[in-house]
Amino acid sequence: MEALNNIFTAINGVVWGPLMLILLLGVGIYLQAGLKIMPIRKLGTGFKLMWAGRESKDDSKDGEVSPFNALMTALSATIGTGNIAGVATAIALGGPGAVFWMWITALVGMATKFAEAVLAVRYRETDSTGNHIGGPMFYIKNGLGRKWLWLGGAFAFFGAVAAFGIGNTVQSNSVADALDSSFGVPPWVTGLVLMLLSAAVILGGIKRIAKVAGKLVPIMGIAYIIAGVVALIANADQIIPAFGKIFYYAFNPHAAMGGFAGAAVMAAIRFGVARGIFSNEAGLGSAPIAHAAAQTKNPVRQGLIAMLGTFIDTIVVCSITALVILTSPIWEEGVQGATLTAQSFSHALAGTSGDSIVAIALAVFAFTTILGWSFYGEKCFQFLFGTRSIMLYRILFVLAVPVGAMANLGIIWLMADTFNAMMAIPNLIALALLSPVVFKLTRDYFDGKDILPGEDLGHDKS
């Protein structure tokens with residue numbers, strides 16, 4: 001076990017190292033430049049399309065879920081522990097300046113998420129049951145040609161394995177730990193309840209997952225934002241100084257003070273970028289699997305909706321967490337993770353338990369993450385082993401939930417984090433090579449030409 005741990009530690013240091021972060025940011029900047037910062041300029045258009053997409057106006061044969069519910073399914077997997085514990089870790093290790101670099105990562109990542117969804121809809125297929133399936137493995141296969149099929153297979157393998165870790169056992173473990181410490185609920189009880197709830201949704205497939213996500217994600221997101229806003233009102237006099245710290249320490253080293261060990265500018269960049277990507281998953285290739293099931297005929301329209309996932313996750317939800325932390329003095333005392341967020345809420349909301357707020361938020365966020373990632377893993381597994389393998393994967397996925405709640409996840413955390421990063425490599429290669437398709441589809445859309453999936457774009461697939 002120690003040898004396995006050492007191997008994955010070494011691999012993890014590479015796949016989540018500076019080169020990977022540069023690659024993720026580099027591809028995002030390239031796409032943002034090629035799109036002439038359209039994702040930022042058309043943010044309002046994206047929200048209008050999202051609202052209009054609550055009920056699809058397209059032919060239902062062109063997808064299984066509404067464009068809105070496709071976004072909610074993607075958000076169900078991204079809004080999770082990263083928004084609570086991840087932001088706190090970034091600040092604890094990188095200082096307030098890390099928040100600025102999280103924002104930059106999100107603005108760049110909007111272009112990445114847009115491109116992923118455009119390609120997912122453009123190159124999706126219909127399986128033997130009549131359902132639409134897509135994602136990086138399919139836009140690699142159908143966009144780059146058969147000679148690149150191995151790359152799509154690599155993504156599907158990494159995705160199927162990562163789903164059991166970062167999207168399942170790690171999430172149930174976080175919930176069990178939070179509920180045990182805050183309310184004294186035994187981990188086995190949490191695991192059993194989570195398993196039953198997950199089974200009730202996951203075994204029903206994408207339509208049921210999307211239906212639950214479409215209701216639960218907006219409710220949980222708005223409730224958490226309201227709690228954060230109330231905390232910020234209580235600390236109103238510290239909001240402007242908090243923004244000052246974010247912008248100042250993004251470019252200046254933060255000296256050690258109190259229990260805070262201090263942070264160099266490179267630490268702010270590293271932890272800000274890494275936690276931002278961990279939270280919004282732009283570039284990892286997970287979200288386009290959900291968007292491929294959207295009821296839409298136009299890839300660009302879904303791309304405009306998809307890019308909102310990065311904006312909502314990081315610019316909105318993560319910023320709420322960051323500001324609650326930075327408007328309290330707790331972050332300077334050396335506290336990290338979800339505990340830092342909980343104590344910051346407690347400090348702002350005198351007489352209210354921050355542990356309870358964070359525990360409940362973690363529980364709901366983690367549950368929806370399990371739902372979203374079950375679909376991602378299932379589609380990766382289906383790509384490798386065919387449609388008949390779907391129910392087997394769903395059952396195994398559900399059975400893994402209580403195991404995660406009761407197990408010591410040291411090595412599983414490490415393996416999941418490693419495979420999660422390795423998903424990004426095939427996806428980023430495909431995004432770079434297929435970027436001309438994204439740029440052409442986008443130009444044609446805004447020029448009034450609705451190029452639909454299946455039409456020839458003149459891209460060489462040989």
# chains A, B, ... in the order shown; residues from 1 in each chain; ligands from 1
call {"tool": "residues_around", "arguments": {"residues": "Phe419 in chain A", "least_positions_apart": "2", "cutoff": "6 Å", "atoms": "only C-alpha atoms", "output": "list in words"}}
result
Phe158, Ala162, Ala416, Asp417, Ala421 and Met422 of chain A
call {"tool": "write_last_selection", "arguments": {"atoms": "N, CA, C and O atoms", "output": "mmCIF file, in the first residue's frame"}}
result
data_model
loop_
_atom_site.group_PDB
_atom_site.id
_atom_site.type_symbol
_atom_site.label_atom_id
_atom_site.label_comp_id
_atom_site.auth_asym_id
_atom_site.auth_seq_id
_atom_site.Cartn_x
_atom_site.Cartn_y
_atom_site.Cartn_z
ATOM 1 N N PHE A 158 -10.177 7.029 -17.700
ATOM 2 C CA PHE A 158 -9.877 7.911 -16.569
ATOM 3 C C PHE A 158 -11.163 8.443 -15.942
ATOM 4 O O PHE A 158 -11.275 8.550 -14.720
ATOM 5 N N ALA A 162 -12.294 7.869 -12.153
ATOM 6 C CA ALA A 162 -12.348 9.084 -11.323
ATOM 7 C C ALA A 162 -13.723 9.282 -10.704
ATOM 8 O O ALA A 162 -13.835 9.789 -9.576
ATOM 9 N N ALA A 416 -8.111 9.270 -6.915
ATOM 10 C CA ALA A 416 -9.202 9.985 -7.578
ATOM 11 C C ALA A 416 -8.727 11.322 -8.121
ATOM 12 O O ALA A 416 -9.053 11.697 -9.259
ATOM 13 N N ASP A 417 -7.974 12.041 -7.315
ATOM 14 C CA ASP A 417 -7.449 13.340 -7.725
ATOM 15 C C ASP A 417 -6.538 13.193 -8.939
ATOM 16 O O ASP A 417 -6.555 14.011 -9.862
ATOM 17 N N ALA A 421 -7.328 14.564 -12.871
ATOM 18 C CA ALA A 421 -6.447 15.431 -13.656
ATOM 19 C C ALA A 421 -6.104 14.800 -15.002
ATOM 20 O O ALA A 421 -6.002 15.499 -16.021
ATOM 21 N N MET A 422 -5.950 13.480 -15.013
ATOM 22 C CA MET A 422 -5.572 12.794 -16.251
ATOM 23 C C MET A 422 -6.689 12.824 -17.293
ATOM 24 O O MET A 422 -6.440 12.620 -18.482
#
call {"tool": "closest_atom_pairs", "arguments": {"of": "range 170-250 of chain A", "to": "range 78-102 of chain A", "cutoff": "6 Å", "atoms": "only C-alpha atoms", "output": "tab-separated table"}}
result
residue	atom	partner	partner_atom	distance
A:Lys245	CA	A:Pro96	CA	5.9
A:Ile246	CA	A:Gly97	CA	4.5
A:Tyr249	CA	A:Gly97	CA	4.4
A:Ala250	CA	A:Gly97	CA	3.7
call {"tool": "write_last_selection", "arguments": {"atoms": "all heavy atoms", "output": "PDB file, in the first residue's frame"}}
result
ATOM      1  N   LYS A 245      -7.488  43.389  -0.063  1.00  0.00           N
ATOM      2  CA  LYS A 245      -6.519  42.306   0.192  1.00  0.00           C
ATOM      3  C   LYS A 245      -6.416  41.380  -1.016  1.00  0.00           C
ATOM      4  O   LYS A 245      -5.323  40.947  -1.382  1.00  0.00           O
ATOM      5  CB  LYS A 245      -6.945  41.505   1.427  1.00  0.00           C
ATOM      6  CG  LYS A 245      -6.853  42.251   2.738  1.00  0.00           C
ATOM      7  CD  LYS A 245      -7.471  41.425   3.857  1.00  0.00           C
ATOM      8  CE  LYS A 245      -7.527  42.213   5.154  1.00  0.00           C
ATOM      9  NZ  LYS A 245      -8.254  41.484   6.219  1.00  0.00           N
ATOM     10  N   ILE A 246      -7.565  41.056  -1.609  1.00  0.00           N
ATOM     11  CA  ILE A 246      -7.571  40.138  -2.762  1.00  0.00           C
ATOM     12  C   ILE A 246      -6.718  40.693  -3.897  1.00  0.00           C
ATOM     13  O   ILE A 246      -5.854  39.989  -4.454  1.00  0.00           O
ATOM     14  CB  ILE A 246      -9.017  39.899  -3.246  1.00  0.00           C
ATOM     15  CG1 ILE A 246      -9.793  39.066  -2.218  1.00  0.00           C
ATOM     16  CG2 ILE A 246      -9.018  39.192  -4.613  1.00  0.00           C
ATOM     17  CD1 ILE A 246     -11.281  38.962  -2.492  1.00  0.00           C
ATOM     18  N   TYR A 249      -2.716  41.328  -2.667  1.00  0.00           N
ATOM     19  CA  TYR A 249      -1.894  40.135  -2.468  1.00  0.00           C
ATOM     20  C   TYR A 249      -1.880  39.191  -3.663  1.00  0.00           C
ATOM     21  O   TYR A 249      -1.178  38.179  -3.645  1.00  0.00           O
ATOM     22  CB  TYR A 249      -2.330  39.409  -1.197  1.00  0.00           C
ATOM     23  CG  TYR A 249      -1.982  40.182   0.051  1.00  0.00           C
ATOM     24  CD1 TYR A 249      -2.977  40.643   0.916  1.00  0.00           C
ATOM     25  CD2 TYR A 249      -0.656  40.488   0.352  1.00  0.00           C
ATOM     26  CE1 TYR A 249      -2.666  41.384   2.045  1.00  0.00           C
ATOM     27  CE2 TYR A 249      -0.331  41.231   1.481  1.00  0.00           C
ATOM     28  CZ  TYR A 249      -1.333  41.669   2.325  1.00  0.00           C
ATOM     29  OH  TYR A 249      -1.012  42.397   3.440  1.00  0.00           O
ATOM     30  N   ALA A 250      -2.650  39.531  -4.706  1.00  0.00           N
ATOM     31  CA  ALA A 250      -2.542  38.759  -5.954  1.00  0.00           C
ATOM     32  C   ALA A 250      -1.203  39.022  -6.626  1.00  0.00           C
ATOM     33  O   ALA A 250      -0.708  38.194  -7.404  1.00  0.00           O
ATOM     34  CB  ALA A 250      -3.675  39.136  -6.899  1.00  0.00           C
TER      35      ALA A 250
END
call {"tool": "atom_distance", "arguments": {"atom1": "CA of Leu384 in chain A", "atom2": "CA of Phe365 in chain A"}}
result
28.9 Å
call {"tool": "closest_atom_pairs", "arguments": {"of": "range 232-323 of chain A", "to": "range 428-434 of chain A", "cutoff": "10 Å", "atoms": "only C-alpha atoms", "output": "CSV"}}
result
residue,atom,partner,partner_atom,distance
A:Gly283,CA,A:Leu428,CA,6.4
A:Leu284,CA,A:Leu428,CA,7.8
A:Gly285,CA,A:Leu428,CA,8.2
call {"tool": "closest_residue", "arguments": {"among": "A:Leu119, A:Ala268, A:Ala366, A:Leu392", "to": "Leu194 in chain A", "atoms": "only C-alpha atoms"}}
result
A:Ala366
call {"tool": "closest_residue", "arguments": {"among": "A:Ile11, A:Met266, A:Leu71, A:Ala294", "to": "Asn131 in chain A", "atoms": "only C-alpha atoms"}}
result
A:Ala294
call {"tool": "closest_atom_pairs", "arguments": {"of": "range 294-370 of chain A", "to": "range 170-177 of chain A", "cutoff": "7 Å", "atoms": "only C-alpha atoms", "output": "JSON lines"}}
result
{"residue": "A:Leu362", "atom": "CA", "partner": "A:Val175", "partner_atom": "CA", "distance": 6.2}
{"residue": "A:Ala363", "atom": "CA", "partner": "A:Val175", "partner_atom": "CA", "distance": 5.0}
{"residue": "A:Ala366", "atom": "CA", "partner": "A:Gln171", "partner_atom": "CA", "distance": 5.1}
{"residue": "A:Ile370", "atom": "CA", "partner": "A:Gln171", "partner_atom": "CA", "distance": 6.9}
call {"tool": "residues_around", "arguments": {"residues": "Phe155 in chain A", "least_positions_apart": "5", "cutoff": "7 Å", "atoms": "only C-alpha atoms", "output": "list in words"}}
result
Met137, Met423 and Pro426 of chain A
call {"tool": "write_last_selection", "arguments": {"atoms": "N, CA, C and O atoms", "output": "mmCIF file, in the first residue's frame"}}
result
data_model
loop_
_atom_site.group_PDB
_atom_site.id
_atom_site.type_symbol
_atom_site.label_atom_id
_atom_site.label_comp_id
_atom_site.auth_asym_id
_atom_site.auth_seq_id
_atom_site.Cartn_x
_atom_site.Cartn_y
_atom_site.Cartn_z
ATOM 1 N N MET A 137 -14.925 11.881 -25.338
ATOM 2 C CA MET A 137 -14.617 10.631 -26.037
ATOM 3 C C MET A 137 -15.287 10.586 -27.405
ATOM 4 O O MET A 137 -14.755 10.014 -28.362
ATOM 5 N N MET A 423 -7.925 13.066 -16.847
ATOM 6 C CA MET A 423 -9.019 13.260 -17.795
ATOM 7 C C MET A 423 -8.765 14.488 -18.659
ATOM 8 O O MET A 423 -9.151 14.534 -19.833
ATOM 9 N N PRO A 426 -6.380 14.267 -22.468
ATOM 10 C CA PRO A 426 -7.018 13.992 -23.775
ATOM 11 C C PRO A 426 -7.989 15.089 -24.184
ATOM 12 O O PRO A 426 -8.082 15.439 -25.367
#
call {"tool": "residues_around", "arguments": {"residues": "Thr126 in chain A", "least_positions_apart": "6", "cutoff": "10 Å", "atoms": "only C-alpha atoms", "output": "compact mmCIF listing (two decimals) with N, CA, C and O atoms, in the first residue's frame"}}
result
# COMPACT_ATOMS: atom_id res chain seq x y z
N ASP A 62 -34.21 15.51 -30.32
CA ASP A 62 -32.84 16.01 -30.37
C ASP A 62 -32.18 16.07 -29.00
O ASP A 62 -31.19 16.78 -28.81
N GLY A 63 -32.68 15.34 -28.04
CA GLY A 63 -32.08 15.29 -26.72
C GLY A 63 -33.05 14.75 -25.70
O GLY A 63 -34.23 14.55 -25.99
N HIS A 132 -29.26 10.27 -26.58
CA HIS A 132 -28.09 10.98 -27.09
C HIS A 132 -26.93 10.87 -26.10
O HIS A 132 -27.12 11.02 -24.89
N ILE A 133 -25.77 10.58 -26.62
CA ILE A 133 -24.57 10.45 -25.79
C ILE A 133 -23.44 11.25 -26.44
O ILE A 133 -23.32 11.32 -27.65
N GLY A 134 -22.64 11.88 -25.60
CA GLY A 134 -21.54 12.69 -26.13
C GLY A 134 -20.55 13.04 -25.04
O GLY A 134 -20.64 12.54 -23.92
N ALA A 293 -26.69 15.74 -23.74
CA ALA A 293 -28.05 15.20 -23.66
C ALA A 293 -29.12 16.28 -23.78
O ALA A 293 -30.31 15.99 -23.69
call {"tool": "residues_around", "arguments": {"residues": "Ile202 in chain A", "least_positions_apart": "6", "cutoff": "8 Å", "atoms": "only C-alpha atoms", "output": "JSON, numbers by chain"}}
result
{"A": [208, 209, 371, 374, 375, 394, 398]}
call {"tool": "select_by_dssp", "arguments": {"residues": "range 287-358 of chain A", "states": "alpha helix (DSSP H)", "output": "ChimeraX atom specification"}}
result
/A:287-291,299-306,308-310,319-326,337-348,354-358
call {"tool": "residues_around", "arguments": {"residues": "Ala350 in chain A", "least_positions_apart": "4", "cutoff": "10 Å", "atoms": "only C-alpha atoms", "output": "compact mmCIF listing (two decimals) with all heavy atoms, in the first residue's frame"}}
result
# COMPACT_ATOMS: atom_id res chain seq x y z
N ALA A 231 -24.27 36.87 6.15
CA ALA A 231 -22.99 36.94 6.86
C ALA A 231 -22.21 38.18 6.44
O ALA A 231 -21.57 38.85 7.27
CB ALA A 231 -22.17 35.68 6.60
N ALA A 234 -23.52 41.33 8.00
CA ALA A 234 -23.04 41.44 9.38
C ALA A 234 -21.60 41.97 9.42
O ALA A 234 -21.21 42.65 10.38
CB ALA A 234 -23.12 40.08 10.07
N PHE A 345 -18.38 31.61 9.21
CA PHE A 345 -19.82 31.83 9.26
C PHE A 345 -20.26 32.06 10.71
O PHE A 345 -21.09 32.94 10.99
CB PHE A 345 -20.58 30.63 8.67
CG PHE A 345 -20.88 30.75 7.21
CD1 PHE A 345 -20.10 30.12 6.26
CD2 PHE A 345 -21.96 31.51 6.77
CE1 PHE A 345 -20.37 30.22 4.90
CE2 PHE A 345 -22.25 31.64 5.41
CZ PHE A 345 -21.45 30.98 4.48
N SER A 346 -19.72 31.27 11.63
CA SER A 346 -20.07 31.41 13.05
C SER A 346 -19.70 32.79 13.58
O SER A 346 -20.44 33.40 14.35
CB SER A 346 -19.38 30.33 13.88
OG SER A 346 -19.89 29.06 13.58
N GLY A 354 -22.01 28.00 12.63
CA GLY A 354 -21.47 27.88 11.28
C GLY A 354 -21.27 26.44 10.90
O GLY A 354 -21.38 26.07 9.73
call {"tool": "closest_residue", "arguments": {"among": "A:Leu23, A:Val185, A:Leu197, A:Leu43", "to": "Leu399 in chain A", "atoms": "only C-alpha atoms"}}
result
A:Leu197
call {"tool": "closest_residue", "arguments": {"among": "A:Trp16, A:Glu64, A:Thr341, A:Leu326", "to": "Asp237 in chain A", "atoms": "only C-alpha atoms"}}
result
A:Leu326
call {"tool": "closest_residue", "arguments": {"among": "A:Ala306, A:Ala160, A:Ala115, A:Ile269", "to": "Thr442 in chain A", "atoms": "only C-alpha atoms"}}
result
A:Ala115
call {"tool": "residues_around", "arguments": {"residues": "range 44-49 of chain A", "least_positions_apart": "3", "cutoff": "9 Å", "atoms": "only C-alpha atoms", "output": "ChimeraX atom specification"}}
result
/A:39-41,52-54,67-68,301-308
call {"tool": "write_last_selection", "arguments": {"atoms": "N, CA and C atoms", "output": "PDB file, in the first residue's frame"}}
result
ATOM      1  N   PRO A  39     -17.390  34.765 -24.818  1.00  0.00           N
ATOM      2  CA  PRO A  39     -18.080  34.263 -23.620  1.00  0.00           C
ATOM      3  C   PRO A  39     -18.301  35.334 -22.563  1.00  0.00           C
ATOM      4  N   ILE A  40     -17.384  36.280 -22.446  1.00  0.00           N
ATOM      5  CA  ILE A  40     -17.554  37.360 -21.474  1.00  0.00           C
ATOM      6  C   ILE A  40     -18.523  38.406 -22.012  1.00  0.00           C
ATOM      7  N   ARG A  41     -18.372  38.746 -23.305  1.00  0.00           N
ATOM      8  CA  ARG A  41     -19.225  39.759 -23.916  1.00  0.00           C
ATOM      9  C   ARG A  41     -20.690  39.325 -23.983  1.00  0.00           C
ATOM     10  N   ALA A  52     -34.799  30.853 -20.974  1.00  0.00           N
ATOM     11  CA  ALA A  52     -35.699  30.369 -22.028  1.00  0.00           C
ATOM     12  C   ALA A  52     -35.615  28.859 -22.173  1.00  0.00           C
ATOM     13  N   GLY A  53     -34.491  28.278 -21.779  1.00  0.00           N
ATOM     14  CA  GLY A  53     -34.267  26.845 -21.949  1.00  0.00           C
ATOM     15  C   GLY A  53     -34.808  25.979 -20.833  1.00  0.00           C
ATOM     16  N   ARG A  54     -35.614  26.566 -19.930  1.00  0.00           N
ATOM     17  CA  ARG A  54     -36.218  25.753 -18.867  1.00  0.00           C
ATOM     18  C   ARG A  54     -37.126  24.691 -19.471  1.00  0.00           C
ATOM     19  N   PRO A  67     -32.373  22.265 -22.041  1.00  0.00           N
ATOM     20  CA  PRO A  67     -31.071  22.938 -21.922  1.00  0.00           C
ATOM     21  C   PRO A  67     -30.778  23.416 -20.498  1.00  0.00           C
ATOM     22  N   PHE A  68     -31.816  23.904 -19.804  1.00  0.00           N
ATOM     23  CA  PHE A  68     -31.664  24.368 -18.425  1.00  0.00           C
ATOM     24  C   PHE A  68     -31.262  23.209 -17.510  1.00  0.00           C
ATOM     25  N   ARG A 301     -25.777  27.477 -29.116  1.00  0.00           N
ATOM     26  CA  ARG A 301     -26.784  27.879 -28.133  1.00  0.00           C
ATOM     27  C   ARG A 301     -26.548  27.157 -26.806  1.00  0.00           C
ATOM     28  N   GLN A 302     -26.236  25.866 -26.868  1.00  0.00           N
ATOM     29  CA  GLN A 302     -25.966  25.125 -25.639  1.00  0.00           C
ATOM     30  C   GLN A 302     -24.637  25.537 -25.025  1.00  0.00           C
ATOM     31  N   GLY A 303     -23.684  25.902 -25.878  1.00  0.00           N
ATOM     32  CA  GLY A 303     -22.397  26.380 -25.373  1.00  0.00           C
ATOM     33  C   GLY A 303     -22.546  27.656 -24.569  1.00  0.00           C
ATOM     34  N   LEU A 304     -23.423  28.551 -25.030  1.00  0.00           N
ATOM     35  CA  LEU A 304     -23.670  29.807 -24.313  1.00  0.00           C
ATOM     36  C   LEU A 304     -24.302  29.555 -22.946  1.00  0.00           C
ATOM     37  N   ILE A 305     -25.100  28.502 -22.855  1.00  0.00           N
ATOM     38  CA  ILE A 305     -25.692  28.134 -21.574  1.00  0.00           C
ATOM     39  C   ILE A 305     -24.660  27.435 -20.696  1.00  0.00           C
ATOM     40  N   ALA A 306     -23.873  26.565 -21.305  1.00  0.00           N
ATOM     41  CA  ALA A 306     -22.880  25.778 -20.561  1.00  0.00           C
ATOM     42  C   ALA A 306     -21.840  26.650 -19.874  1.00  0.00           C
ATOM     43  N   MET A 307     -21.409  27.721 -20.531  1.00  0.00           N
ATOM     44  CA  MET A 307     -20.353  28.568 -19.968  1.00  0.00           C
ATOM     45  C   MET A 307     -20.798  29.238 -18.670  1.00  0.00           C
ATOM     46  N   LEU A 308     -22.116  29.321 -18.457  1.00  0.00           N
ATOM     47  CA  LEU A 308     -22.625  29.913 -17.220  1.00  0.00           C
ATOM     48  C   LEU A 308     -22.266  29.068 -16.009  1.00  0.00           C
TER      49      LEU A 308
END
